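K.L.:
File follows, upload.cif with mmCIF, C-alpha atoms:
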data_model
#
loop_
_atom_site.label_atom_id
_atom_site.label_comp_id
_atom_site.auth_asym_id
_atom_site.auth_seq_id
_atom_site.Cartn_x
_atom_site.Cartn_y
_atom_site.Cartn_z
CA MET A 1 28.35 -2.44 79.48
CA PRO A 2 28.02 -1.24 83.09
CA PHE A 3 28.09 -3.84 85.84
CA GLU A 4 24.49 -4.35 87.01
CA ILE A 5 23.94 -5.79 90.45
CA THR A 6 20.64 -7.63 90.24
CA ASP A 7 18.92 -10.08 92.56
CA GLU A 8 19.67 -12.82 90.02
CA LEU A 9 23.39 -12.00 90.05
CA ILE A 10 23.55 -11.99 93.83
CA LYS A 11 21.71 -15.32 93.96
CA GLN A 12 24.10 -16.77 91.37
CA ILE A 13 27.16 -15.66 93.35
CA GLU A 14 25.72 -17.01 96.59
CA GLU A 15 25.18 -20.40 94.93
CA LEU A 16 28.75 -20.44 93.54
CA ILE A 17 30.14 -19.65 96.99
CA LEU A 18 27.98 -22.39 98.52
CA LYS A 19 29.29 -24.89 95.97
CA GLN A 20 32.83 -23.46 96.30
CA ASP A 21 32.96 -23.22 92.51
CA ASN A 22 35.92 -20.87 92.58
CA GLU A 23 36.78 -21.16 88.89
CA THR A 24 33.34 -19.99 87.72
CA LEU A 25 33.25 -17.30 90.40
CA LEU A 26 36.64 -15.93 89.35
CA GLY A 27 35.57 -15.93 85.72
CA LEU A 28 32.42 -13.99 86.61
CA LEU A 29 34.36 -11.25 88.43
CA ALA A 30 37.54 -11.25 86.34
CA GLU A 31 36.70 -8.33 84.05
CA GLU A 32 34.83 -6.20 86.56
CA HIS A 33 36.09 -2.95 88.06
CA HIS A 34 37.08 -3.04 91.73
CA ALA A 35 34.49 -0.34 92.56
CA ASP A 36 31.71 -2.52 91.12
CA ILE A 37 32.91 -5.55 93.06
CA ALA A 38 33.01 -3.45 96.25
CA GLU A 39 29.39 -2.46 95.68
CA LEU A 40 28.51 -6.10 95.11
CA LEU A 41 30.18 -7.21 98.35
CA GLU A 42 28.09 -4.73 100.32
CA ASP A 43 24.98 -6.62 99.14
CA LEU A 44 26.35 -9.98 100.38
CA ASN A 45 26.54 -11.16 103.95
CA LEU A 46 29.80 -10.93 105.88
CA GLU A 47 30.87 -14.55 105.33
CA GLU A 48 30.25 -14.34 101.58
CA ALA A 49 32.08 -11.02 101.24
CA THR A 50 35.05 -12.39 103.19
CA TYR A 51 35.10 -15.51 101.02
CA ILE A 52 35.46 -13.41 97.85
CA ILE A 53 38.13 -11.17 99.41
CA LYS A 54 40.20 -14.23 100.32
CA LEU A 55 39.64 -15.78 96.89
CA LEU A 56 40.73 -12.84 94.75
CA ASP A 57 44.31 -11.61 94.39
CA SER A 58 45.50 -8.94 96.83
CA GLU A 59 46.33 -6.66 93.93
CA ILE A 60 42.60 -6.15 93.31
CA THR A 61 41.16 -6.85 96.77
CA SER A 62 43.20 -4.01 98.28
CA ASP A 63 41.41 -1.59 95.94
CA ILE A 64 38.08 -3.29 96.61
CA LEU A 65 38.47 -2.81 100.35
CA MET A 66 39.25 0.90 99.93
CA GLU A 67 36.10 1.35 97.84
CA MET A 68 33.84 -0.33 100.40
CA ASP A 69 31.79 1.56 102.93
CA GLU A 70 33.85 2.11 106.08
CA ASP A 71 31.52 0.07 108.31
CA ASP A 72 31.42 -2.85 105.86
CA ARG A 73 35.19 -2.74 105.45
CA GLU A 74 35.65 -2.82 109.21
CA LYS A 75 33.54 -5.97 109.46
CA VAL A 76 35.48 -7.71 106.68
CA LEU A 77 38.84 -6.78 108.23
CA LYS A 78 37.74 -8.39 111.51
CA ASN A 79 37.42 -11.67 109.60
CA LEU A 80 40.95 -11.43 108.16
CA SER A 81 44.15 -12.37 109.94
CA SER A 82 46.90 -9.83 110.58
CA LYS A 83 49.00 -11.44 107.84
CA GLU A 84 46.12 -11.27 105.35
CA ILE A 85 45.55 -7.58 106.10
CA ALA A 86 49.28 -6.91 105.76
CA LYS A 87 49.20 -8.44 102.27
CA GLU A 88 46.44 -6.02 101.32
CA LEU A 89 48.42 -3.09 102.70
CA ASP A 90 51.48 -4.05 100.66
CA GLU A 91 49.45 -3.38 97.50
CA LEU A 92 48.14 0.02 98.59
CA ASP A 93 49.70 3.46 98.41
CA THR A 94 50.96 4.60 101.79
CA ASP A 95 48.11 7.07 102.38
CA ASP A 96 45.42 4.44 101.78
CA ALA A 97 47.33 1.87 103.81
CA ALA A 98 47.63 4.28 106.74
CA ASP A 99 43.90 5.07 106.53
CA MET A 100 43.02 1.37 106.62
CA ILE A 101 45.30 0.65 109.57
CA ALA A 102 43.91 3.64 111.48
CA GLU A 103 40.46 2.01 111.36
CA LEU A 104 41.74 -1.05 113.26
CA PRO A 105 41.74 -1.29 117.06
CA GLU A 106 45.03 -0.02 118.53
CA GLU A 107 46.05 -3.42 119.87
CA ARG A 108 45.73 -4.90 116.39
CA GLN A 109 47.51 -2.12 114.51
CA GLU A 110 50.98 -3.13 115.72
CA LYS A 111 50.36 -6.79 114.86
CA VAL A 112 49.38 -5.90 111.31
CA ILE A 113 52.27 -3.48 110.82
CA SER A 114 54.74 -6.10 112.03
CA LYS A 115 53.54 -8.45 109.25
CA ILE A 116 54.27 -5.98 106.42
CA GLU A 117 57.26 -7.35 104.55
CA ASP A 118 58.44 -4.19 102.75
CA GLU A 119 60.44 -2.34 105.41
CA GLU A 120 60.39 0.99 103.58
CA HIS A 121 56.63 0.74 103.05
CA LYS A 122 56.22 -0.12 106.72
CA ALA A 123 58.30 2.89 107.84
CA ASP A 124 56.33 5.24 105.59
CA ILE A 125 53.01 3.99 106.94
CA LYS A 126 54.16 4.40 110.54
CA GLU A 127 55.24 7.96 109.75
CA LEU A 128 51.85 8.85 108.26
CA LEU A 129 50.02 7.46 111.28
CA LYS A 130 51.63 10.18 113.40
CA TYR A 131 49.67 12.93 111.67
CA ASP A 132 46.09 13.98 112.35
CA GLU A 133 43.79 12.60 109.67
CA ASN A 134 42.36 16.09 109.05
CA THR A 135 45.72 17.63 108.13
CA ALA A 136 47.85 17.59 105.00
CA GLY A 137 50.11 15.04 106.71
CA GLY A 138 47.14 12.74 107.25
CA LEU A 139 46.15 13.00 103.59
CA MET A 140 49.51 12.75 101.88
CA ALA A 141 51.11 9.71 100.27
CA LYS A 142 54.84 9.11 100.32
CA GLU A 143 54.89 7.86 96.72
CA LEU A 144 56.09 10.55 94.31
CA VAL A 145 58.70 11.25 91.67
CA LYS A 146 61.48 13.63 92.72
CA VAL A 147 64.76 14.59 91.06
CA TYR A 148 67.77 16.51 92.31
CA GLU A 149 68.68 19.85 90.82
CA ASN A 150 72.32 18.82 90.32
CA TRP A 151 71.40 15.82 88.12
CA ASN A 152 71.67 16.08 84.37
CA VAL A 153 68.75 15.14 82.13
CA LEU A 154 70.10 11.70 81.31
CA LYS A 155 70.44 10.67 84.96
CA CYS A 156 67.10 12.30 85.72
CA VAL A 157 65.25 10.16 83.16
CA ARG A 158 66.95 6.99 84.40
CA GLU A 159 66.05 7.70 88.03
CA MET A 160 62.51 8.71 87.13
CA ARG A 161 61.92 5.37 85.47
CA ALA A 162 62.96 3.57 88.65
CA GLN A 163 60.76 5.75 90.87
CA ALA A 164 57.71 5.67 88.60
CA GLU A 165 57.47 1.89 89.06
CA PHE A 166 56.10 2.51 92.57
CA VAL A 167 53.84 5.46 91.75
CA THR A 168 50.31 4.79 90.50
CA ARG A 169 49.99 8.11 88.67
CA VAL A 170 52.78 10.58 87.93
CA HIS A 171 51.07 13.97 88.21
CA SER A 172 54.19 16.06 88.75
CA ILE A 173 57.98 15.79 88.92
CA TYR A 174 59.36 17.61 91.94
CA VAL A 175 62.84 19.12 92.09
CA VAL A 176 64.78 19.15 95.39
CA ASP A 177 68.27 20.17 96.49
CA GLU A 178 70.82 17.91 98.17
CA ASN A 179 68.99 18.38 101.50
CA ASP A 180 65.64 17.31 100.04
CA LYS A 181 64.25 20.85 100.21
CA LEU A 182 61.61 21.55 97.58
CA LYS A 183 62.94 23.84 94.87
CA GLY A 184 60.31 23.59 92.16
CA ARG A 185 58.79 21.31 89.56
CA LEU A 186 59.95 19.92 86.25
CA SER A 187 58.06 20.15 82.96
CA LEU A 188 58.01 16.86 81.08
CA LYS A 189 58.10 18.81 77.81
CA ASP A 190 61.25 20.66 78.86
CA LEU A 191 62.79 17.36 79.88
CA LEU A 192 62.10 15.81 76.48
CA VAL A 193 63.42 18.66 74.35
CA THR A 194 66.53 19.44 76.40
CA SER A 195 70.02 18.05 75.86
CA THR A 196 70.81 15.01 78.02
CA LYS A 197 73.85 16.80 79.49
CA THR A 198 71.86 19.79 80.71
CA HIS A 199 71.49 20.06 84.49
CA ILE A 200 68.02 20.11 86.00
CA SER A 201 68.87 23.36 87.81
CA GLU A 202 68.84 25.09 84.41
CA ILE A 203 65.37 23.99 83.30
CA TYR A 204 63.15 23.45 86.34
CA ILE A 205 60.26 25.80 87.19
CA PRO A 206 60.88 27.40 90.60
CA LYS A 207 57.24 28.38 91.20
CA VAL A 208 55.32 25.52 92.80
CA ASP A 209 52.31 25.54 95.15
CA SER A 210 52.82 23.42 98.25
CA ALA A 211 51.05 22.55 101.49
CA ASN A 212 52.56 22.46 104.95
CA VAL A 213 52.26 19.09 106.64
CA HIS A 214 50.22 20.67 109.45
CA ASP A 215 47.77 22.58 107.20
CA LYS A 216 44.09 21.74 107.66
CA ALA A 217 42.64 19.40 105.05
CA GLU A 218 39.96 21.90 104.03
CA ASP A 219 42.63 24.60 103.48
CA VAL A 220 44.53 22.26 101.16
CA ALA A 221 41.28 21.52 99.34
CA ARG A 222 40.70 25.24 98.76
CA VAL A 223 44.18 25.71 97.28
CA MET A 224 43.85 22.73 94.93
CA GLN A 225 40.35 23.79 93.93
CA LYS A 226 41.42 27.39 93.29
CA TYR A 227 44.41 26.51 91.11
CA ASP A 228 42.92 23.36 89.50
CA LEU A 229 45.77 21.18 90.81
CA GLU A 230 45.79 17.43 90.29
CA ALA A 231 48.42 17.01 93.00
CA ILE A 232 50.22 19.20 95.52
CA PRO A 233 53.54 18.54 97.30
CA VAL A 234 53.63 18.49 101.10
CA VAL A 235 56.56 20.03 102.98
CA ASP A 236 57.57 20.48 106.61
CA ASP A 237 58.36 23.78 108.33
CA LYS A 238 61.87 23.77 106.79
CA ASN A 239 60.50 23.10 103.28
CA HIS A 240 61.68 19.49 103.15
CA LEU A 241 59.62 17.47 100.65
CA LEU A 242 57.64 14.83 102.57
CA GLY A 243 54.96 13.60 100.19
CA ARG A 244 52.11 14.63 97.92
CA ILE A 245 48.34 14.88 98.01
CA THR A 246 46.37 13.87 94.92
CA ILE A 247 42.99 15.10 93.73
CA ASP A 248 41.14 11.88 94.62
CA ASP A 249 41.90 12.45 98.30
CA ILE A 250 40.75 16.06 98.06
CA VAL A 251 37.47 15.02 96.44
CA ASP A 252 36.87 12.81 99.48
CA VAL A 253 37.61 15.76 101.79
CA ILE A 254 35.20 18.02 99.92
CA LYS A 255 32.48 15.34 99.98
CA ASP A 256 32.98 14.68 103.71
CA GLU A 257 32.83 18.40 104.49
CA ALA A 258 29.67 18.81 102.41
CA ASP A 259 28.04 15.82 104.14
CA LYS A 260 29.00 17.16 107.56
CA ASP A 261 27.70 20.66 106.82
CA TYR A 262 24.47 19.27 105.36
CA GLN A 263 23.85 17.10 108.41
CA MET A 264 24.69 19.95 110.78
CA ALA A 265 22.30 22.22 108.93
CA ALA A 266 19.64 19.52 109.27
CA GLY A 267 20.22 19.32 113.01
CA LEU A 268 22.48 16.29 113.35
CA SER A 269 25.31 16.69 115.84
CA GLN A 270 27.50 13.91 114.41
CA ASP A 271 28.05 11.99 111.19
CA VAL A 272 25.45 9.26 110.70
CA GLU A 273 24.30 7.10 107.81
CA ALA A 274 20.94 5.57 107.00
CA ASP A 275 21.96 2.07 108.17
CA ASP A 276 23.57 3.16 111.46
CA THR A 277 22.16 1.83 114.72
CA LEU A 278 19.16 3.26 116.53
CA TRP A 279 21.44 4.48 119.33
CA GLN A 280 23.76 6.30 116.89
CA HIS A 281 20.82 8.09 115.29
CA THR A 282 19.42 9.00 118.71
CA ARG A 283 22.73 10.50 119.85
CA ALA A 284 22.99 12.50 116.63
CA ARG A 285 19.46 13.90 116.67
CA LEU A 286 18.43 14.25 120.30
CA PRO A 287 20.72 17.20 121.29
CA TRP A 288 19.30 19.46 118.58
CA LEU A 289 15.75 18.29 119.21
CA PHE A 290 16.29 19.12 122.88
CA LEU A 291 17.56 22.57 121.87
CA GLY A 292 14.42 23.05 119.78
CA LEU A 293 12.31 21.99 122.76
CA LEU A 294 14.03 24.56 124.98
CA GLY A 295 13.45 27.17 122.29
CA GLY A 296 9.77 26.28 122.19
CA ILE A 297 9.55 26.52 125.97
CA GLY A 298 11.27 29.91 125.80
CA ALA A 299 8.85 31.16 123.15
CA ALA A 300 5.87 29.90 125.17
CA SER A 301 7.19 31.66 128.27
CA ILE A 302 7.54 34.91 126.33
CA MET A 303 3.97 34.62 125.07
CA GLY A 304 2.85 33.97 128.64
CA GLY A 305 4.26 37.33 129.63
CA PHE A 306 1.97 39.02 127.09
CA GLU A 307 -1.20 37.19 128.14
CA ASP A 308 -3.16 40.42 128.69
CA LEU A 309 -2.21 41.69 125.23
CA ILE A 310 -3.29 38.43 123.56
CA SER A 311 -6.58 38.31 125.46
CA LYS A 312 -7.51 41.82 124.26
CA HIS A 313 -6.20 41.35 120.70
CA ALA A 314 -6.63 37.67 119.91
CA VAL A 315 -5.72 38.26 116.26
CA LEU A 316 -2.08 38.67 117.35
CA PHE A 317 -2.03 35.02 118.35
CA PHE A 318 -2.93 33.87 114.83
CA PHE A 319 0.11 35.65 113.36
CA THR A 320 2.58 34.16 115.83
CA PRO A 321 3.52 31.18 113.56
CA LEU A 322 3.99 33.58 110.62
CA ILE A 323 6.37 35.79 112.58
CA ALA A 324 8.36 32.83 113.93
CA ALA A 325 8.57 31.11 110.53
CA THR A 326 9.63 34.29 108.74
CA ALA A 327 12.31 34.98 111.34
CA GLY A 328 13.65 31.45 110.95
CA ASN A 329 13.59 31.60 107.14
CA VAL A 330 15.34 34.96 106.94
CA GLY A 331 17.99 33.86 109.43
CA VAL A 332 18.70 30.61 107.57
CA GLN A 333 18.88 32.43 104.21
CA SER A 334 21.36 34.97 105.56
CA SER A 335 23.52 32.41 107.33
CA ALA A 336 23.49 30.03 104.35
CA ILE A 337 24.95 32.71 102.06
CA ILE A 338 27.66 33.56 104.60
CA VAL A 339 28.54 29.92 105.28
CA GLN A 340 28.75 29.22 101.54
CA GLY A 341 31.04 32.23 101.09
CA LEU A 342 33.27 31.12 103.96
CA ALA A 343 33.44 27.57 102.60
CA ASN A 344 34.44 28.81 99.13
CA ASN A 345 36.80 31.42 100.58
CA ASP A 346 35.24 34.13 98.41
CA LEU A 347 33.70 36.28 101.13
CA LYS A 348 34.99 39.83 100.79
CA GLY A 349 34.95 42.72 103.22
CA SER A 350 34.89 43.11 107.00
CA ILE A 351 32.18 41.93 109.39
CA GLY A 352 30.86 45.50 109.50
CA GLU A 353 30.55 45.65 105.71
CA ARG A 354 28.76 42.30 105.58
CA LEU A 355 26.35 43.36 108.34
CA PHE A 356 25.61 46.66 106.55
CA LYS A 357 24.88 44.84 103.29
CA GLU A 358 22.56 42.37 105.03
CA PHE A 359 20.92 45.22 106.94
CA SER A 360 20.21 47.00 103.65
CA LEU A 361 18.85 43.82 102.08
CA SER A 362 16.66 43.17 105.14
CA LEU A 363 15.24 46.69 104.92
CA ILE A 364 14.15 46.08 101.31
CA ASN A 365 12.71 42.62 102.00
CA GLY A 366 11.12 43.72 105.26
CA LEU A 367 9.47 46.74 103.66
CA ALA A 368 8.00 44.68 100.81
CA LEU A 369 6.66 41.91 103.04
CA SER A 370 5.36 44.17 105.81
CA LEU A 371 3.44 46.40 103.35
CA PHE A 372 1.83 43.31 101.84
CA LEU A 373 0.92 42.02 105.32
CA LEU A 374 -0.44 45.43 106.32
CA LEU A 375 -2.80 45.44 103.34
CA PHE A 376 -3.84 41.82 103.89
CA THR A 377 -4.52 42.22 107.63
CA TRP A 378 -6.43 45.47 107.16
CA ILE A 379 -8.67 43.91 104.49
CA TRP A 380 -9.16 40.75 106.58
CA LYS A 381 -9.78 42.30 110.02
CA GLY A 382 -10.55 45.94 109.20
CA ASN A 383 -8.49 47.22 112.13
CA MET A 384 -5.75 49.57 110.92
CA LEU A 385 -3.96 49.97 114.27
CA THR A 386 -3.61 46.20 114.75
CA SER A 387 -2.51 45.81 111.14
CA ILE A 388 0.18 48.47 111.65
CA ALA A 389 1.40 46.75 114.83
CA ILE A 390 1.72 43.37 113.09
CA SER A 391 3.42 44.88 110.03
CA ILE A 392 5.95 46.90 112.03
CA SER A 393 6.70 43.77 114.04
CA LEU A 394 7.30 41.72 110.89
CA PHE A 395 9.56 44.44 109.48
CA SER A 396 11.63 44.57 112.69
CA VAL A 397 11.84 40.79 112.95
CA ILE A 398 13.13 40.48 109.36
CA VAL A 399 15.86 43.08 109.97
CA VAL A 400 16.98 41.53 113.26
CA ALA A 401 16.88 37.96 111.88
CA GLY A 402 18.98 39.00 108.88
CA ILE A 403 21.61 40.59 111.12
CA ILE A 404 21.69 37.60 113.46
CA GLY A 405 21.93 35.18 110.55
CA THR A 406 24.88 37.12 109.17
CA PHE A 407 26.72 37.82 112.42
CA ILE A 408 26.61 34.36 114.02
CA PRO A 409 28.45 32.37 111.27
CA LEU A 410 31.05 35.16 110.96
CA PHE A 411 31.51 35.14 114.74
CA LEU A 412 31.78 31.34 114.87
CA ASN A 413 34.33 31.35 112.05
CA LYS A 414 36.47 33.91 113.92
CA ARG A 415 36.42 31.57 116.93
CA ASP A 416 37.45 28.57 114.75
CA ILE A 417 34.02 26.94 115.22
CA ASP A 418 32.40 25.39 112.16
CA PRO A 419 30.08 28.16 110.83
CA ALA A 420 27.77 25.51 109.34
CA LEU A 421 26.42 25.28 112.89
CA ALA A 422 24.62 28.57 112.15
CA THR A 423 22.51 27.15 109.31
CA GLY A 424 20.68 24.57 111.42
CA PRO A 425 18.25 24.53 114.34
CA PHE A 426 20.59 26.79 116.33
CA ILE A 427 19.86 29.84 114.17
CA THR A 428 16.22 28.90 113.62
CA THR A 429 15.52 28.49 117.34
CA SER A 430 17.31 31.70 118.34
CA ASN A 431 15.46 33.69 115.69
CA ASP A 432 12.14 32.17 116.74
CA ILE A 433 12.68 33.39 120.30
CA PHE A 434 13.86 36.86 119.28
CA GLY A 435 11.07 37.08 116.73
CA ILE A 436 8.32 36.30 119.23
CA LEU A 437 9.79 38.72 121.79
CA ILE A 438 10.07 41.57 119.26
CA TYR A 439 6.61 40.84 117.87
CA PHE A 440 4.72 41.11 121.13
CA TRP A 441 6.86 43.94 122.51
CA ILE A 442 6.25 46.13 119.45
CA ALA A 443 2.57 45.17 119.34
CA LYS A 444 2.25 46.19 122.98
CA MET A 445 3.93 49.54 122.31
CA VAL A 446 1.84 50.34 119.21
CA LEU A 447 -1.47 49.27 120.76
CA GLY A 448 -0.70 51.14 123.98
CA ILE A 449 -1.26 48.23 126.35
#
Any chance you could put this one into structure tokens?
P.N.:
Amino acid sequence: MPFEITDELIKQIEELILKQDNETLLGLLAEEHHADIAELLEDLNLEEATYIIKLLDSEITSDILMEMDEDDREKVLKNLSSKEIAKELDELDTDDAADMIAELPEERQEKVISKIEDEEHKADIKELLKYDENTAGGLMAKELVKVYENWNVLKCVREMRAQAEFVTRVHSIYVVDENDKLKGRLSLKDLLVTSTKTHISEIYIPKVDSANVHDKAEDVARVMQKYDLEAIPVVDDKNHLLGRITIDDIVDVIKDEADKDYQMAAGLSQDVEADDTLWQHTRARLPWLFLGLLGGIGAASIMGGFEDLISKHAVLFFFTPLIAATAGNVGVQSSAIIVQGLANNDLKGSIGERLFKEFSLSLINGLALSLFLLLFTWIWKGNMLTSIAISISLFSVIVVAGIIGTFIPLFLNKRDIDPALATGPFITTSNDIFGILIYFWIAKMVLGI
């Protein structure tokens, strides 16, 4: 049965902690998955969560800590000594250990690293800390199974057994030369059906996808997603095998990217969560709200320049929200399709081809909507000339908004700026301003004022 975190369970655990009934508490948590325990700890206060972390064995608490929300984990780590944190790190793969250490203040990182007893594990963690967290080097783990091409099958199996002891999951067996340069991968089936005296060089598969240690995390994610890889080896510029990236790390990258793009599209300038502080939420929201305010001021100023036109044809004022909203909607639709295509790396053709396609689509949509609006306005107000002016304006606004919504994310992507920026208030505000300007300018021209 799934582990249910109820108010009764939390109350029971709090009472056991208060009584220091460790035996009952251990029995209650003994069979539970570390992810469930991590979720439970997030519902307890800091002292209670720390008590359980110190009570349980490091073999499970290390996994619990990695499953916890980053903010909650940071608070718990503050309550642990450097030696206690080092014990947790000893149980983690190098990539997770490096991630956990990176969350600590710089002055504490060295203290914790110095307490790690396994010298090889310590050296690997220190190496990983040198890489940017958003690169393949920052994602990779040092744990892997590798064999040398000059080994025979018998020696290969013996060495693999020794290496596999330190690897949580063996996704692939990598083949290297005497200089540790990646040569290919080894099929377990071929290994099992081949004579023990056969050399690995005769049976390994030379074709293997790999990532450079400096590749961007999202680029690695695209490769693994495209080829359905469970793991990918990481090499340096000279093709030396350095580590591997597994699918669980890539899932985290994809989720983080999706969260970031969603928040940017919603007008949040930085990553925030529901339980972040008031100040953090203010910093994330205020810049885009300020941009929207400036856009509104700009639109109001434009309308002020057409005061005579509005005073003589007041009906134009009533259609201003419609024009602005349509411009924003069309722009967001266009940019969303482009951003999605860029994210999935399946966008084909040049910028010119994309703009032409969007221009054609905008012509069709604009024609349909403007004809409907022409008929509606004429029936409502009975003034054909005004109806024509409003309809032509809507048609023009739709075409321009579609082109802007297509061009901006493509332009941002060419400049190595996150194109998701173009799906939020930025594109909506810019299209509002252009829409209002085009609307009143065309209306003025058609009505002859």
K.L.:
As a VMD selection string, please: the residues near region 148-161 of chain A (cut-off 7 Å, all atoms listed in the file, same-chain neighbours under 4 positions excluded).
P.N.:
chain A and resid 165 175 to 178 191 196 to 201
K.L.:
Can you write out the residues you just picked, keeping C-alpha atoms, as a PDB file, in the frame of the given file?
P.N.:
ATOM      1  CA  GLU A 165      57.470   1.890  89.060  1.00  0.00           C
ATOM      2  CA  VAL A 175      62.840  19.120  92.090  1.00  0.00           C
ATOM      3  CA  VAL A 176      64.780  19.150  95.390  1.00  0.00           C
ATOM      4  CA  ASP A 177      68.270  20.170  96.490  1.00  0.00           C
ATOM      5  CA  GLU A 178      70.820  17.910  98.170  1.00  0.00           C
ATOM      6  CA  LEU A 191      62.790  17.360  79.880  1.00  0.00           C
ATOM      7  CA  THR A 196      70.810  15.010  78.020  1.00  0.00           C
ATOM      8  CA  LYS A 197      73.850  16.800  79.490  1.00  0.00           C
ATOM      9  CA  THR A 198      71.860  19.790  80.710  1.00  0.00           C
ATOM     10  CA  HIS A 199      71.490  20.060  84.490  1.00  0.00           C
ATOM     11  CA  ILE A 200      68.020  20.110  86.000  1.00  0.00           C
ATOM     12  CA  SER A 201      68.870  23.360  87.810  1.00  0.00           C
TER      13      SER A 201
END
K.L.:
Which residue is closest to Lys207 (chain A)? Choose from A:Leu192, A:Leu367, A:Leu186, A:Ile337 and count all atoms listed in the file.
P.N.:
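Going through A:Leu192, A:Leu367, A:Leu186, A:Ile337 one by one, the smallest distance to Lys207 (chain A) is for A:Leu186.
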K.L.:
Report the residues retrieved by the PyMOL selection byres ((chain A and resi 112-127) around 12) from the displayed file, expressed as a PyMOL selection string.
P.N.:
chain A and resi 77-78+80-111+128-132+137-143+166+213+242-243
K.L.:
Find, counting all atoms listed in the file, the residue in A:Gln225, A:Asn239, A:Leu41, A:Gly405 that gets nearest to Asn179 (chain A).
P.N.:
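Result for the nearest residue to Asn179 (chain A): A:Asn239.
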K.L.:
To one decimal place in Å, what is the distance between CA of Lys216 (chain A) and CA of Asn134 (chain A)?
P.N.:
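Between these atoms lies a distance of 6.1 Å.
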K.L.:
Is it possible to get the residues within 10 Å of (28.5, -7.0, 109.2) (coordinates as in the file, counting all atoms listed in the file) written as a PDB file with C-alpha atoms, in the frame of the given file?
P.N.:
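Result file is result.pdb:
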ATOM      1  CA  GLU A  42      28.090  -4.730 100.320  1.00  0.00           C
ATOM      2  CA  LEU A  44      26.350  -9.980 100.380  1.00  0.00           C
ATOM      3  CA  ASN A  45      26.540 -11.160 103.950  1.00  0.00           C
ATOM      4  CA  LEU A  46      29.800 -10.930 105.880  1.00  0.00           C
ATOM      5  CA  GLU A  47      30.870 -14.550 105.330  1.00  0.00           C
ATOM      6  CA  ALA A  49      32.080 -11.020 101.240  1.00  0.00           C
ATOM      7  CA  ASP A  71      31.520   0.070 108.310  1.00  0.00           C
ATOM      8  CA  ASP A  72      31.420  -2.850 105.860  1.00  0.00           C
ATOM      9  CA  ARG A  73      35.190  -2.740 105.450  1.00  0.00           C
ATOM     10  CA  GLU A  74      35.650  -2.820 109.210  1.00  0.00           C
ATOM     11  CA  LYS A  75      33.540  -5.970 109.460  1.00  0.00           C
ATOM     12  CA  VAL A  76      35.480  -7.710 106.680  1.00  0.00           C
ATOM     13  CA  LYS A  78      37.740  -8.390 111.510  1.00  0.00           C
TER      14      LYS A  78
END
K.L.:
What lies within 9 Å of Leu437 (chain A) using only C-alpha atoms, ignoring chain neighbours under 5 positions off, as a list in words?
P.N.:
Ala299, Ile302, Met303, Asp432 and Ile442 of chain A
K.L.:
Write a file of the selected residues as a PDB file, keeping the file's coordinate frame, keeping C-alpha atoms.
P.N.:
ATOM      1  CA  ALA A 299       8.850  31.160 123.150  1.00  0.00           C
ATOM      2  CA  ILE A 302       7.540  34.910 126.330  1.00  0.00           C
ATOM      3  CA  MET A 303       3.970  34.620 125.070  1.00  0.00           C
ATOM      4  CA  ASP A 432      12.140  32.170 116.740  1.00  0.00           C
ATOM      5  CA  ILE A 442       6.250  46.130 119.450  1.00  0.00           C
TER       6      ILE A 442
END
K.L.:
Excluding Lys189 (chain A) and its own-chain neighbours fewer than 5 positions away, which residues fall within 12 Å of it when counting all atoms listed in the file? Please give them as number ranges by chain.
P.N.:
A: 172-173, 194, 203-205
